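Inspection log for the structure reproduced underneath, given as C-alpha cells.
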Amino acid sequence: MLRKQLRGRGIRDRRVLGAMAKVPRERFVPEDGRSDAYSDRALAIGWGQTISQPYIVALMTEALELSGTEKVLEIGTGSGYQTAILAELAGQVISVERCPELSAGAATVLAGLGYAGLALKLGDGSLGWPGEAPFDRIIVTAAAAECPSSLFGQLQEGGILVIPVGPQDYQTLQAIRKVDGSPQPRTLSPCRFVPLLGAQGWPAAG
C-alpha cells in the first residue's frame with residue numbers, strides 16, 4: 001500500500017506515511033471484507049457508508065498540513081479509520097457522525113487500539129461543532145454541493161478545510177485556506193464520496 005498506492009502516487013509527507021503504516025486498516029472494515037482492507041478502493045462499512053481508499057485518506061490528510069499541535073474537526077467519523085490517522089498527527093481531534101451505529105462501532109475499535117483522547121460526537125456534521133470552535137483544521141469525509149458556511153465559519157483564520165465539493169455523482173476534492181476571512185481553494189483531485197446529509201448538506205431520503 002505505501003509503496004504503490006501512496007508513494008507511487010505522490011504522497012510525500014513522512015508523518016502521513018508513518019501514520020498510514022502504523023494504523024491497522026483491517027480493524028476498521030467488516031470481518032468479511034478484511035482480505036480487501038488494503039485494496040486501492042473504497043469499501044462498504046454498512047449504513048450506506050464507506051471507508052475511503054487509502055490514497056484518498058492520505059491525500060486529504062497531507063493537504064491538512066498537520067504539524068502535531070492542531071485542533072482538528074472531522075465531519076463523518078464513519079469507520080474511525082481517518083479519525084485514527086488524525087489522532088496520530090494532530091494535537092486534538094473532534095469527530096462528528098450522524099449514524100449512532102457507526103459512531104459506536106468506531107468508538108469500540110478506537111478504544112481497543114488505545115486512542116483514548118478522542119472526542120466522538122453524534123450530530124449533524126454539516127453544521128460542524130460550534131461549541132468547540134474555532135478549529136485549526138477541518139476535514140469532511142462526505143460530499144457537499146458547496147462548502148457549508150457553518151463549517152467555514154468555524155475555521156480559524158489561516159486554517160485549512162478539506163472537502164469534496166460537487167454533485168452527488170462526481171466531485172472535486174478541495175483544500176480551502178481561510179485568508180483574511182475569505183476562502184482560497186486549491187483543487188486536489190477528482191473524487192466520488194457519499195453525500196453529506198444535513199441542514200447544510202444534502203437532504204436525507206424520506
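Order determines the names: the first chain of the C-alpha cells is A, the second B, and so forth; residues in each chain are numbered 1 upward, and ligands are numbered 1 upward as they are shown.
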
For this session: Please provide as a ChimeraX atom specification all residues within 10 Å of A:Pro100, with the sequence filter that same-chain residues fewer than 2 positions apart are discarded (counting only C-alpha atoms).
Result: /A:78,97-98,102-106,121-123

For this session: DSSP on the backbone, then: every residue of stretch 110-202 of chain A marked strand (DSSP E), written as a VMD selection string.
Result: chain A and resid 119 to 122 135 to 140 155 to 165 171 to 179 182 to 191

Exercise. Between A:Gly46, A:Gly153, A:Gly114, A:Pro195, which is the closest to A:Ala133 once you count only C-alpha atoms?
Worked result: A:Gly153

Exercise. So which residues touch A:Tyr81 within 9 Å, counting only C-alpha atoms, skipping near sequence neighbours fewer than 6 positions away, as a VMD selection string?
Worked result: chain A and resid 23 to 25 27 to 29 51 to 52 57 106 110

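Within the 7 Å cut-off around A:Val72, using only C-alpha atoms and omitting residues fewer than 4 positions from it on the same chain, the listed residues are Ala90, Gln92, Val93, Ile94, Phe135, Asp136, Arg137 and Ile138 of chain A.
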
Problem set entry | Option closest in space to A:Thr77, from A:Gln168, A:Leu196, A:Arg177, A:Gln5 [counting only C-alpha atoms] |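 Of A:Gln168, A:Leu196, A:Arg177, A:Gln5, the one nearest A:Thr77 is A:Leu196, counting only C-alpha atoms.
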
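Compared by their closest atoms to A:Gly159, and using only C-alpha atoms, the residues A:Val179, A:Ala199, A:Ala204, A:Leu17 rank with A:Val179 nearest.
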
For this session: Name the residues of chain A that come out as helix (DSSP H, G or I) in a backbone DSSP run; write them as a VMD selection string.
Result: chain A and resid 2 to 9 14 to 22 25 to 28 31 to 36 54 to 63 81 to 89 100 to 112 125 to 127 130 to 132 149 to 153

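Considering only C-alpha atoms, the residue among A:Ser79, A:Ile160, A:Ala107, A:Glu62 positioned nearest to A:Gly10 is A:Glu62.
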
Exercise. With only C-alpha atoms as the basis for distance, which of A:Pro130, A:Gly33, A:Gly201, A:Gly68 is at the shortest distance from A:Ala19?
Worked result: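 With only C-alpha atoms as the atom set, the closest residue is A:Gly68.
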
Problem set entry | Spatial neighbours of A:Pro185, max dist 10 Å, only C-alpha atoms, sep filter under 2 positions, as a list in words | Ile160, Leu161, Val162, Leu173, Gln174, Ala175, Ile176, Arg177, Lys178, Ser182, Pro183, Thr187 and Leu188 of chain A

Preceding selection exported with N, CA and C atoms as a CSV table (one decimal), in the first residue's frame:
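Produced file out10.csv, reproduced below:
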chain,number,residue,atom,x,y,z
A,160,ILE,N,-7.1,25.4,7.4
A,160,ILE,CA,-7.4,24.7,6.2
A,160,ILE,C,-8.6,23.8,6.3
A,161,LEU,N,-9.5,23.8,5.4
A,161,LEU,CA,-10.7,22.9,5.4
A,161,LEU,C,-10.6,22.0,4.1
A,162,VAL,N,-10.6,20.7,4.2
A,162,VAL,CA,-10.5,19.8,3.1
A,162,VAL,C,-11.9,19.1,2.9
A,173,LEU,N,-12.1,17.3,-5.0
A,173,LEU,CA,-11.6,17.4,-3.7
A,173,LEU,C,-10.8,18.7,-3.6
A,174,GLN,N,-11.2,19.5,-2.6
A,174,GLN,CA,-10.6,20.9,-2.4
A,174,GLN,C,-9.9,21.0,-1.0
A,175,ALA,N,-8.9,21.8,-1.0
A,175,ALA,CA,-8.3,22.2,0.3
A,175,ALA,C,-8.5,23.8,0.3
A,176,ILE,N,-9.3,24.2,1.2
A,176,ILE,CA,-9.7,25.6,1.3
A,176,ILE,C,-9.0,26.3,2.5
A,177,ARG,N,-8.1,27.3,2.2
A,177,ARG,CA,-7.5,28.0,3.3
A,177,ARG,C,-8.2,29.3,3.6
A,178,LYS,N,-8.4,29.7,4.8
A,178,LYS,CA,-9.1,30.9,5.2
A,178,LYS,C,-8.0,32.0,5.3
A,182,SER,N,-11.7,35.0,4.0
A,182,SER,CA,-12.2,34.6,2.7
A,182,SER,C,-11.6,33.2,2.3
A,183,PRO,N,-12.3,32.4,1.5
A,183,PRO,CA,-11.8,31.1,1.1
A,183,PRO,C,-10.8,31.2,-0.1
A,187,THR,N,-7.5,22.9,-5.8
A,187,THR,CA,-8.0,21.7,-6.2
A,187,THR,C,-7.0,20.5,-6.1
A,188,LEU,N,-7.4,19.4,-5.5
A,188,LEU,CA,-6.5,18.3,-5.2
A,188,LEU,C,-6.7,17.2,-6.2
